[in-house]
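For reference, input-v9.cif (mmCIF, C-alpha atoms):
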data_upload
#
loop_
_atom_site.label_atom_id
_atom_site.label_comp_id
_atom_site.auth_asym_id
_atom_site.auth_seq_id
_atom_site.Cartn_x
_atom_site.Cartn_y
_atom_site.Cartn_z
CA MET I 82 -11.45 -20.94 -40.22
CA VAL I 83 -10.15 -23.98 -38.37
CA THR I 84 -6.62 -22.95 -39.30
CA GLN I 85 -7.21 -19.42 -38.02
CA GLU I 86 -8.54 -20.76 -34.75
CA ARG I 87 -5.54 -23.04 -34.41
CA ALA I 88 -3.18 -20.13 -35.12
CA ALA I 89 -4.89 -18.00 -32.49
CA ARG I 90 -4.63 -20.85 -29.97
CA THR I 91 -0.93 -21.32 -30.73
CA ARG I 92 -0.34 -17.60 -30.28
CA ARG I 93 -2.09 -17.65 -26.89
CA SER I 94 -0.05 -20.70 -25.77
CA LEU I 95 3.15 -18.95 -26.77
CA ILE I 96 2.25 -15.77 -24.87
CA ARG I 97 1.35 -17.78 -21.79
CA ALA I 98 4.54 -19.88 -21.97
CA ALA I 99 6.66 -16.76 -22.51
CA ALA I 100 5.03 -15.05 -19.51
CA GLU I 101 5.84 -18.10 -17.37
CA VAL I 102 9.47 -18.28 -18.49
CA PHE I 103 9.99 -14.49 -18.16
CA ALA I 104 8.54 -14.67 -14.63
CA GLU I 105 10.78 -17.60 -13.74
CA VAL I 106 14.18 -16.53 -15.08
CA GLY I 107 13.84 -12.92 -16.31
CA PHE I 108 13.93 -11.51 -19.84
CA VAL I 109 17.61 -11.84 -20.80
CA PRO I 110 18.17 -15.51 -19.85
CA ALA I 111 14.77 -16.61 -21.23
CA SER I 112 15.33 -18.96 -24.18
CA LEU I 113 13.01 -19.12 -27.20
CA GLY I 114 13.62 -22.90 -27.33
CA VAL I 115 12.35 -23.32 -23.78
CA ILE I 116 9.34 -21.10 -24.53
CA SER I 117 8.30 -23.00 -27.69
CA LYS I 118 8.79 -26.34 -25.92
CA ARG I 119 6.70 -25.13 -22.96
CA ALA I 120 3.97 -24.03 -25.40
CA GLY I 121 4.13 -27.42 -27.13
CA VAL I 122 4.91 -25.92 -30.55
CA SER I 123 7.90 -25.98 -32.90
CA ASN I 124 10.52 -23.22 -33.15
CA GLY I 125 9.20 -22.57 -36.64
CA ALA I 126 5.69 -21.96 -35.29
CA LEU I 127 7.09 -19.53 -32.71
CA HIS I 128 8.91 -17.59 -35.41
CA PHE I 129 5.78 -17.55 -37.57
CA HIS I 130 4.01 -15.61 -34.79
CA PHE I 131 6.85 -13.62 -33.23
CA ALA I 132 9.94 -12.16 -34.92
CA ASN I 133 12.04 -12.30 -31.74
CA LYS I 134 12.02 -12.40 -27.96
CA ASN I 135 11.25 -8.70 -27.77
CA SER I 136 8.02 -9.03 -29.75
CA LEU I 137 7.00 -11.90 -27.44
CA ALA I 138 7.63 -9.65 -24.42
CA GLU I 139 5.58 -6.88 -26.05
CA ALA I 140 2.72 -9.34 -26.59
CA VAL I 141 2.83 -10.36 -22.91
CA GLU I 142 2.79 -6.70 -21.85
CA ALA I 143 -0.02 -5.85 -24.27
CA GLU I 144 -2.20 -8.69 -22.97
CA ALA I 145 -1.50 -7.75 -19.34
CA ALA I 146 -2.28 -4.09 -20.16
CA GLU I 147 -5.54 -5.21 -21.77
CA THR I 148 -6.52 -7.05 -18.55
CA VAL I 149 -5.69 -4.00 -16.41
CA ARG I 150 -7.74 -1.80 -18.76
CA ARG I 151 -10.69 -4.23 -18.59
CA VAL I 152 -10.54 -4.19 -14.78
CA THR I 153 -10.36 -0.41 -14.44
CA GLU I 154 -13.03 0.22 -17.08
CA ALA I 155 -15.44 -2.29 -15.53
CA VAL I 156 -14.92 -0.77 -12.09
CA ARG I 157 -15.37 2.73 -13.41
CA ALA I 158 -18.53 1.77 -15.38
CA ARG I 159 -20.28 1.09 -12.06
CA GLN I 160 -20.18 4.88 -11.51
CA GLY I 161 -19.97 4.56 -7.77
CA ASP I 162 -17.80 6.43 -5.30
CA PRO I 163 -14.40 7.00 -6.99
CA LEU I 164 -12.57 5.95 -3.82
CA GLN I 165 -14.52 2.68 -3.75
CA SER I 166 -13.55 2.20 -7.42
CA VAL I 167 -9.87 2.40 -6.50
CA VAL I 168 -10.40 -0.06 -3.62
CA ASP I 169 -12.20 -2.49 -5.94
CA ALA I 170 -9.65 -2.16 -8.75
CA THR I 171 -6.78 -2.77 -6.31
CA HIS I 172 -8.43 -5.99 -5.11
CA GLU I 173 -8.96 -7.16 -8.68
CA LEU I 174 -5.45 -6.24 -9.81
CA MET I 175 -3.84 -8.06 -6.86
CA GLY I 176 -6.07 -11.06 -7.60
CA TYR I 177 -4.84 -11.16 -11.18
CA LEU I 178 -1.22 -10.75 -10.04
CA ALA I 179 -1.69 -13.76 -7.76
CA GLN I 180 -3.48 -15.95 -10.30
CA ASP I 181 -2.84 -14.86 -13.88
CA VAL I 182 0.64 -15.65 -15.18
CA VAL I 183 0.35 -13.18 -18.10
CA VAL I 184 -0.48 -10.27 -15.78
CA ARG I 185 2.29 -11.31 -13.40
CA GLY I 186 4.74 -11.76 -16.30
CA GLY I 187 3.78 -8.38 -17.75
CA PHE I 188 4.39 -6.53 -14.50
CA GLY I 189 7.56 -8.57 -13.98
CA LEU I 190 8.89 -7.28 -17.32
CA ALA I 191 8.16 -3.72 -16.15
CA GLY I 192 10.57 -4.27 -13.27
CA ASP I 193 13.11 -6.31 -15.28
CA ILE I 194 16.24 -4.23 -15.70
CA GLY I 195 17.44 -6.51 -18.53
CA ARG I 196 14.34 -5.63 -20.58
CA ARG I 197 15.51 -2.05 -21.16
CA ALA I 198 12.13 -0.92 -22.49
CA GLU I 199 9.51 1.46 -21.14
CA SER I 200 6.64 -0.65 -19.88
CA PRO I 201 3.16 0.84 -20.24
CA LEU I 202 1.73 -1.14 -17.31
CA ARG I 203 2.77 0.74 -14.21
CA ARG I 204 2.31 4.06 -15.97
CA GLU I 205 -1.25 3.19 -17.02
CA TRP I 206 -2.12 2.04 -13.50
CA GLN I 207 -0.69 5.26 -12.08
CA ARG I 208 -2.65 7.37 -14.57
CA TRP I 209 -5.90 5.60 -13.69
CA VAL I 210 -5.34 5.98 -9.94
CA GLU I 211 -4.57 9.68 -10.40
CA GLU I 212 -7.66 10.24 -12.52
CA SER I 213 -9.86 8.44 -9.96
CA LEU I 214 -8.43 10.45 -7.08
CA ARG I 215 -8.99 13.67 -9.02
CA ARG I 216 -12.63 12.66 -9.44
CA ALA I 217 -12.80 11.85 -5.72
CA GLU I 218 -11.52 15.31 -4.87
CA ARG I 219 -13.93 17.04 -7.28
CA SER I 220 -16.92 15.13 -5.92
CA GLY I 221 -16.01 15.93 -2.30
CA VAL I 222 -15.34 12.33 -1.36
CA LEU I 223 -11.72 12.99 -0.43
CA ALA I 224 -10.94 14.34 3.04
CA ARG I 225 -10.57 18.11 2.86
CA ASP I 226 -6.95 18.17 4.09
CA VAL I 227 -5.78 15.51 1.57
CA SER I 228 -4.79 16.37 -2.01
CA TRP I 229 -5.60 13.97 -4.83
CA ALA I 230 -1.93 13.97 -5.88
CA ASP I 231 -0.63 12.95 -2.44
CA ALA I 232 -3.29 10.26 -2.07
CA ALA I 233 -2.51 8.90 -5.55
CA ARG I 234 1.23 8.81 -4.83
CA VAL I 235 0.79 6.76 -1.66
CA ILE I 236 -1.61 4.35 -3.35
CA VAL I 237 0.64 3.90 -6.41
CA ALA I 238 3.78 3.39 -4.28
CA ALA I 239 2.01 0.88 -2.01
CA THR I 240 0.43 -1.10 -4.85
CA VAL I 241 3.74 -1.32 -6.74
CA GLY I 242 5.30 -2.50 -3.46
CA LEU I 243 2.60 -5.16 -3.00
CA GLU I 244 3.14 -6.30 -6.61
CA VAL I 245 6.91 -6.61 -6.15
CA LEU I 246 6.76 -8.22 -2.68
CA GLY I 247 3.99 -10.54 -3.94
CA GLY I 248 6.39 -12.00 -6.50
CA ALA I 249 8.37 -13.66 -3.70
CA ASP I 250 5.54 -14.15 -1.17
CA ALA I 251 1.96 -14.33 -2.48
CA SER I 252 0.45 -13.50 0.92
CA TRP I 253 1.15 -9.82 0.15
CA LEU I 254 -1.46 -10.09 -2.65
CA SER I 255 -4.16 -11.82 -0.59
CA ARG I 256 -7.59 -10.27 -0.25
CA GLN I 257 -7.03 -10.14 3.52
CA ASN I 258 -3.81 -8.18 3.13
CA VAL I 259 -5.31 -5.73 0.63
CA THR I 260 -8.35 -5.30 2.90
CA ARG I 261 -6.12 -4.40 5.85
CA PHE I 262 -4.26 -1.93 3.70
CA TRP I 263 -7.54 -0.13 2.91
CA GLU I 264 -8.83 -0.39 6.48
CA LEU I 265 -5.77 1.56 7.50
CA LEU I 266 -5.85 4.07 4.65
CA LEU I 267 -9.54 4.86 4.02
CA PRO I 268 -10.23 6.65 7.33
CA ARG I 269 -7.45 9.07 6.38
CA LEU I 270 -8.40 9.52 2.72
CA ALA I 271 -12.18 9.73 2.83
CA ASP I 272 -14.31 12.66 3.92
CA ARG I 273 -15.45 11.66 7.43
CA PRO I 274 -19.21 11.15 6.84
CA ARG I 275 -18.44 8.89 3.87
CA VAL I 276 -16.02 6.45 5.51
CA SER I 277 -18.68 4.10 6.86
CA ALA I 278 -20.15 3.61 3.36
CA LEU I 279 -16.82 2.43 1.95
CA VAL I 280 -16.03 -1.30 1.90
CA SER I 281 -12.35 -2.04 2.48
CA SER I 282 -12.75 -5.63 1.34
CA GLY I 283 -14.21 -4.50 -2.00
CA SER I 284 -17.81 -3.94 -3.03
CA ALA I 285 -20.08 -6.94 -3.69
CA GLN I 286 -20.01 -6.72 -7.49
CA LEU I 287 -16.30 -7.52 -7.41
CA SER I 288 -15.64 -10.18 -10.02
CA ALA I 289 -13.00 -12.84 -9.49
CA PRO I 290 -10.57 -13.64 -12.30
CA PRO I 291 -11.36 -16.94 -14.02
CA GLY I 292 -10.29 -19.88 -11.92
CA ARG I 293 -9.37 -17.69 -9.00
CA HIS I 294 -9.41 -19.37 -5.64
CA PRO I 295 -9.95 -17.48 -2.41
CA VAL I 296 -6.56 -16.33 -1.21
CA MET D 36 50.74 -2.17 4.90
CA VAL D 37 50.78 -0.16 1.69
CA THR D 38 49.92 -3.34 -0.23
CA GLN D 39 47.00 -4.08 2.13
CA GLU D 40 45.65 -0.58 1.67
CA ARG D 41 45.92 -0.89 -2.07
CA ALA D 42 44.14 -4.26 -1.98
CA ALA D 43 41.31 -2.77 0.09
CA ARG D 44 41.02 0.13 -2.33
CA THR D 45 40.89 -2.25 -5.32
CA ARG D 46 38.20 -4.29 -3.58
CA ARG D 47 36.11 -1.16 -2.96
CA SER D 48 36.51 -0.05 -6.60
CA LEU D 49 35.37 -3.46 -7.81
CA ILE D 50 32.29 -3.46 -5.53
CA ARG D 51 31.36 0.01 -6.71
CA ALA D 52 31.87 -0.84 -10.39
CA ALA D 53 29.89 -4.08 -9.99
CA ALA D 54 27.02 -2.20 -8.31
CA GLU D 55 26.95 0.26 -11.21
CA VAL D 56 26.96 -2.45 -13.87
CA PHE D 57 24.33 -4.57 -12.04
CA ALA D 58 22.12 -1.46 -11.73
CA GLU D 59 22.57 -0.67 -15.42
CA VAL D 60 22.06 -4.06 -17.09
CA GLY D 61 20.96 -6.54 -14.40
CA PHE D 62 22.82 -9.49 -12.88
CA VAL D 63 22.76 -12.06 -15.71
CA PRO D 64 24.03 -9.85 -18.57
CA ALA D 65 26.65 -8.13 -16.36
CA SER D 66 30.13 -9.01 -17.61
CA LEU D 67 33.16 -9.42 -15.35
CA GLY D 68 35.30 -7.87 -18.10
CA VAL D 69 33.18 -4.71 -18.10
CA ILE D 70 33.28 -4.58 -14.28
CA SER D 71 37.07 -4.91 -14.01
CA LYS D 72 37.57 -2.33 -16.79
CA ARG D 73 35.14 0.07 -15.06
CA ALA D 74 37.09 -0.43 -11.81
CA GLY D 75 40.35 0.21 -13.65
CA VAL D 76 41.89 -3.13 -12.64
CA SER D 77 42.92 -6.29 -14.48
CA ASN D 78 40.78 -9.42 -14.75
CA GLY D 79 43.42 -11.15 -12.63
CA ALA D 80 42.96 -8.57 -9.85
CA LEU D 81 39.19 -9.11 -9.97
CA HIS D 82 39.63 -12.87 -9.60
CA PHE D 83 42.11 -12.36 -6.76
CA HIS D 84 39.31 -10.67 -4.78
CA PHE D 85 36.18 -12.43 -6.06
CA ALA D 86 35.78 -16.04 -7.20
CA ASN D 87 32.89 -15.24 -9.53
CA LYS D 88 30.05 -12.84 -10.33
CA ASN D 89 27.95 -14.26 -7.51
CA SER D 90 30.52 -13.41 -4.86
CA LEU D 91 30.71 -9.87 -6.28
CA ALA D 92 26.92 -9.59 -6.01
CA GLU D 93 27.10 -10.85 -2.41
CA ALA D 94 29.71 -8.21 -1.62
CA VAL D 95 27.46 -5.47 -3.07
CA GLU D 96 24.51 -6.74 -1.02
CA ALA D 97 26.63 -7.03 2.13
CA GLU D 98 27.88 -3.45 1.81
CA ALA D 99 24.36 -2.15 1.10
CA ALA D 100 23.04 -4.13 4.12
CA GLU D 101 25.79 -2.61 6.25
CA THR D 102 24.67 0.90 5.23
CA VAL D 103 21.03 0.10 6.03
CA ARG D 104 22.09 -1.28 9.41
CA ARG D 105 24.15 1.82 10.16
CA VAL D 106 21.17 4.04 9.29
CA THR D 107 18.65 2.13 11.40
CA GLU D 108 21.01 1.75 14.36
CA ALA D 109 21.94 5.45 14.35
CA VAL D 110 18.27 6.43 14.20
CA ARG D 111 17.36 4.02 16.94
CA ALA D 112 20.25 5.18 19.17
CA ARG D 113 18.56 8.60 19.42
CA GLN D 114 15.92 6.86 21.56
CA GLY D 115 13.19 9.20 20.47
CA ASP D 116 9.63 8.44 19.43
CA PRO D 117 9.70 5.11 17.52
CA LEU D 118 7.39 6.55 14.83
CA GLN D 119 9.77 9.46 14.33
CA SER D 120 12.59 6.90 14.03
CA VAL D 121 10.79 5.20 11.15
CA VAL D 122 10.17 8.58 9.46
CA ASP D 123 13.85 9.52 9.83
CA ALA D 124 15.13 6.11 8.64
CA THR D 125 12.85 6.25 5.58
CA HIS D 126 14.25 9.66 4.63
CA GLU D 127 17.82 8.42 5.05
CA LEU D 128 17.20 5.18 3.14
CA MET D 129 15.60 7.00 0.20
CA GLY D 130 18.50 9.47 0.23
CA TYR D 131 20.99 6.61 -0.05
CA LEU D 132 18.90 4.96 -2.80
CA ALA D 133 19.06 8.22 -4.75
CA GLN D 134 22.77 8.90 -4.20
CA ASP D 135 24.70 5.76 -3.30
CA VAL D 136 25.24 3.35 -6.17
CA VAL D 137 26.10 0.43 -3.86
CA VAL D 138 22.84 0.77 -1.90
CA ARG D 139 20.88 1.17 -5.16
CA GLY D 140 22.70 -1.81 -6.72
CA GLY D 141 22.11 -3.94 -3.62
CA PHE D 142 18.36 -3.28 -3.62
CA GLY D 143 18.31 -3.74 -7.39
CA LEU D 144 19.76 -7.24 -6.94
CA ALA D 145 16.97 -8.00 -4.44
CA GLY D 146 14.45 -7.36 -7.20
CA ASP D 147 16.49 -9.00 -9.97
CA ILE D 148 14.77 -12.20 -11.01
CA GLY D 149 17.95 -13.40 -12.76
CA ARG D 150 19.82 -13.31 -9.45
CA ARG D 151 17.88 -16.25 -8.03
CA ALA D 152 19.12 -15.70 -4.49
CA GLU D 153 17.39 -14.60 -1.32
CA SER D 154 18.44 -11.04 -0.65
CA PRO D 155 18.77 -10.00 2.99
CA LEU D 156 18.08 -6.32 2.29
CA ARG D 157 14.30 -6.03 2.01
CA ARG D 158 13.82 -8.61 4.73
CA GLU D 159 16.08 -6.70 7.15
CA TRP D 160 14.31 -3.43 6.40
CA GLN D 161 10.95 -5.11 6.98
CA ARG D 162 12.14 -6.60 10.29
CA TRP D 163 13.37 -3.21 11.50
CA VAL D 164 10.12 -1.44 10.55
CA GLU D 165 8.10 -4.15 12.33
CA GLU D 166 10.22 -3.94 15.46
CA SER D 167 9.90 -0.13 15.51
CA LEU D 168 6.13 -0.27 15.09
CA ARG D 169 5.89 -2.84 17.88
CA ARG D 170 7.76 -0.43 20.12
CA ALA D 171 5.44 2.37 19.00
CA GLU D 172 2.41 0.29 19.98
CA ARG D 173 3.89 -0.69 23.36
CA SER D 174 4.77 2.90 24.21
CA GLY D 175 1.29 4.16 23.28
CA VAL D 176 2.50 6.28 20.37
CA LEU D 177 0.42 4.38 17.83
CA ALA D 178 -3.23 5.31 17.35
CA ARG D 179 -5.40 2.96 19.40
CA ASP D 180 -7.32 1.55 16.41
CA VAL D 181 -4.17 0.77 14.41
CA SER D 182 -2.19 -2.45 14.91
CA TRP D 183 1.59 -2.42 14.62
CA ALA D 184 1.41 -5.22 12.03
CA ASP D 185 -0.97 -3.34 9.70
CA ALA D 186 1.03 -0.13 10.02
CA ALA D 187 4.28 -1.98 9.29
CA ARG D 188 2.79 -3.68 6.23
CA VAL D 189 1.69 -0.40 4.67
CA ILE D 190 5.04 1.25 5.39
CA VAL D 191 7.04 -1.70 4.00
CA ALA D 192 4.89 -1.96 0.85
CA ALA D 193 5.09 1.79 0.22
CA THR D 194 8.84 2.04 0.81
CA VAL D 195 9.53 -0.95 -1.49
CA GLY D 196 7.30 0.77 -4.06
CA LEU D 197 9.23 4.05 -3.71
CA GLU D 198 12.51 2.14 -4.08
CA VAL D 199 11.33 0.38 -7.26
CA LEU D 200 9.67 3.44 -8.84
CA GLY D 201 12.72 5.53 -7.87
CA GLY D 202 14.90 3.33 -10.09
CA ALA D 203 13.19 4.76 -13.18
CA ASP D 204 12.31 8.23 -11.83
CA ALA D 205 14.37 9.62 -8.95
CA SER D 206 11.67 12.15 -7.97
CA TRP D 207 9.93 9.30 -6.08
CA LEU D 208 12.93 9.28 -3.71
CA SER D 209 13.08 13.03 -3.11
CA ARG D 210 12.82 14.44 0.39
CA GLN D 211 9.71 16.34 -0.71
CA ASN D 212 8.00 13.16 -1.91
CA VAL D 213 8.88 11.21 1.24
CA THR D 214 7.70 14.14 3.38
CA ARG D 215 4.33 14.19 1.64
CA PHE D 216 4.02 10.44 2.17
CA TRP D 217 4.46 10.93 5.91
CA GLU D 218 2.21 14.01 6.04
CA LEU D 219 -0.52 11.80 4.67
CA LEU D 220 0.20 8.78 6.85
CA LEU D 221 1.21 10.13 10.27
CA PRO D 222 -2.20 11.62 11.24
CA ARG D 223 -3.63 8.11 10.77
CA LEU D 224 -0.83 6.19 12.50
CA ALA D 225 -0.02 8.36 15.52
CA ASP D 226 -2.00 8.73 18.71
CA ARG D 227 -3.80 12.06 18.25
CA PRO D 228 -2.05 14.17 20.94
CA ARG D 229 1.34 13.09 19.58
CA VAL D 230 0.88 13.99 15.91
CA SER D 231 1.92 17.62 16.23
CA ALA D 232 5.27 16.60 17.77
CA LEU D 233 6.17 14.41 14.79
CA VAL D 234 8.17 15.91 11.91
CA SER D 235 7.19 14.50 8.50
CA SER D 236 10.28 15.94 6.86
CA GLY D 237 12.56 14.17 9.34
CA SER D 238 13.97 15.35 12.65
CA ALA D 239 16.80 17.88 12.64
CA GLN D 240 19.60 15.44 13.50
CA LEU D 241 19.04 13.70 10.17
CA SER D 242 22.43 13.17 8.55
CA ALA D 243 22.86 13.37 4.80
CA PRO D 244 24.80 10.64 3.02
CA PRO D 245 28.25 11.79 1.93
CA GLY D 246 28.06 14.03 -1.12
CA ARG D 247 24.29 14.12 -1.06
CA HIS D 248 22.72 17.10 -2.72
CA PRO D 249 19.25 18.36 -1.87
CA VAL D 250 16.75 16.47 -4.03
#
So that I can check it, write out the structure of this file as structure tokens.
Amino acid sequence: MVTQERAARTRRSLIRAAAEVFAEVGFVPASLGVISKRAGVSNGALHFHFANKNSLAEAVEAEAAETVRRVTEAVRARQGDPLQSVVDATHELMGYLAQDVVVRGGFGLAGDIGRRAESPLRREWQRWVEESLRRAERSGVLARDVSWADAARVIVAATVGLEVLGGADASWLSRQNVTRFWELLLPRLADRPRVSALVSSGSAQLSAPPGRHPV
Amino acid sequence: MVTQERAARTRRSLIRAAAEVFAEVGFVPASLGVISKRAGVSNGALHFHFANKNSLAEAVEAEAAETVRRVTEAVRARQGDPLQSVVDATHELMGYLAQDVVVRGGFGLAGDIGRRAESPLRREWQRWVEESLRRAERSGVLARDVSWADAARVIVAATVGLEVLGGADASWLSRQNVTRFWELLLPRLADRPRVSALVSSGSAQLSAPPGRHPV
């Protein structure tokens, strides 16, 4: 049992160290030696857990995808206004991108041309946004002259832009910046009588990622 | 004279080949041997023009920046509605990203973590959008409850997102997609009486990049 726990801890350290190194130098120049040293484990221990650099990258992406899924499922479970769900999920996702190196590393790999692999992350985010906007349209929350597809496209493009710009300048990911984005967009997207009930800064139940500081 | 012309042509071929290879594999794995072969010149000719891979990348970025500057200056010279200028420039920029390998390669380098250099491209685009939105606010074209800074932030985030998503799926860069983006956004950004005068698909004088096909 103790050995299993230690193995799980080593695996987590390796994923975290790999995410850091991928985020710092990119996939191709990232060295397994640097990653194992950063994780405080031997090369042998790294190879016990991961066959090669690609399987490490897949583990980073899988853990980041798991976080995104947890965020979107928790937001959706509240069963509130689907537009408010998208607002809340955007705040949480940007918070993780600012604070969680595995989420940042996972999205970084999605945009890393040297990785040469389809990343599930952006596609899953896009699918969730589209599904939420479809629900918003069906439930009459969306403004009548706005289609769910157009609304989803703008939201996906803007959130990918915030993610990418946030890599160089974290202020793009701040709660204030995301709030302003929604203050601008919601009056256009929401059916008029509903706008005042929507909270651009995120609804109160919004949970902060562990260790997240106000940004 | 003939020699100078030939040298200029070789330089252009090398910049184009480098942009292609950077866009295909990223900065770090790009090989000078592959670039000179792709350009149809010797390694010696490459080194006559460029000291190293970094100076090639700088030349790609400089040529892409020059194209962006030409687009924004031409659009601005029309002295029309500053919001229409931003719409037109966005259409032209996305057209170049879809069709011009040097512009695509230049923006790709801006997002390439292995490059480890400040790229002027996104920053210059952001500065131009901000300046145009400031003019829109001053001239009363912007909706009264929208600040130029918030409008610029949304436009910059969304256009960076389109650029990045367009690298994997060119439909994000299509005129139709960019038009829908503006159809959604303009009714929120523009002062109400002005909206009907604005053309989401770009004003008629819009020039297509050389060899551009309808997308």
Please identify all residues of chain D having at least one atom at most 6 Å from any atom of chain I, considering only C-alpha atoms, and return them as a tab-separated table (two decimals) with C-alpha atoms, in the coordinates of the input.
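This is the output file iface04.tsv:
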chain	number	residue	atom	x	y	z
D	60	VAL	CA	22.06	-4.06	-17.09
D	61	GLY	CA	20.96	-6.54	-14.40
D	148	ILE	CA	14.77	-12.20	-11.01
D	149	GLY	CA	17.95	-13.40	-12.76
D	192	ALA	CA	4.89	-1.96	0.85
D	193	ALA	CA	5.09	1.79	0.22
D	195	VAL	CA	9.53	-0.95	-1.49
D	196	GLY	CA	7.30	0.77	-4.06
D	197	LEU	CA	9.23	4.05	-3.71
D	223	ARG	CA	-3.63	8.11	10.77
For the file shown, what are the residues hit by the PyMOL selection byres ((chain I and resi 210) around 10), laid out as a PyMOL selection string?
chain I and resi 153+163-164+166-167+170-171+204-209+211-216+229-230+232-234+236-237
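Distance-wise, CA of Glu147 (chain I) and CA of Ala179 (chain I) end up 16.9 Å apart.
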Of I:Arg93, I:Glu154, I:Leu254, I:His130, the one sitting nearest Gln180 (chain I) when using only C-alpha atoms is I:Leu254
Figure out the distance between CA of Val276 (chain I) and CA of Ala217 (chain I), please, to one decimal in Å.
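Those two atoms sit 12.9 Å apart.
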Which of these residues is nearest to Ala100 (chain I), using only C-alpha atoms: I:Ser112, I:Ser277, I:Gln257, I:Asn124?
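Nearest candidate to Ala100 (chain I) out of I:Ser112, I:Ser277, I:Gln257, I:Asn124: I:Ser112.
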Expansion of the PyMOL selection byres ((chain I and resi 86-92) around 10) into residues, as a PyMOL selection string
chain I and resi 82-85+93-98+117+120-122+126-127+129-131+137+140
Could you please give me, as a list in words, the residues of protein, DNA or RNA lying at most 12 Å from (4.0, 10.6, 24.4) in the coordinate frame of the file, considering only C-alpha atoms?
Gly115, Asp116, Pro117, Leu118, Gln119, Ala171, Glu172, Arg173, Ser174, Gly175, Val176, Leu177, Ala178, Ala225, Asp226, Arg227, Pro228, Arg229, Val230, Ser231, Ala232 and Leu233 of chain D
Need the shell around Thr260 (chain I): protein/DNA/RNA residues with any atom at most 10 Å away, counting all atoms listed in the file. Skip same-chain ones fewer than 6 positions apart. Format as a PyMOL selection string?
chain I and resi 168+171-172+266+280-283
Can those selected residues be exported to a file as a tab-separated table (two decimals), in the coordinates of the input so that it contains C-alpha atoms?
chain	number	residue	atom	x	y	z
I	168	VAL	CA	-10.40	-0.06	-3.62
I	171	THR	CA	-6.78	-2.77	-6.31
I	172	HIS	CA	-8.43	-5.99	-5.11
I	266	LEU	CA	-5.85	4.07	4.65
I	280	VAL	CA	-16.03	-1.30	1.90
I	281	SER	CA	-12.35	-2.04	2.48
I	282	SER	CA	-12.75	-5.63	1.34
I	283	GLY	CA	-14.21	-4.50	-2.00
For region 181-186 of chain D, I'd like the enclosing box, axis-aligned and padded by 5 Å on every side, reported as JSON with centre and edge lengths in Å to one decimal.
{"center_x": -1.3, "center_y": -2.2, "center_z": 12.3, "size_x": 15.8, "size_y": 16.0, "size_z": 15.2}
In Å to one decimal, how far is CA of Gly68 (chain D) from CA of Ala99 (chain D)?
22.8 Å
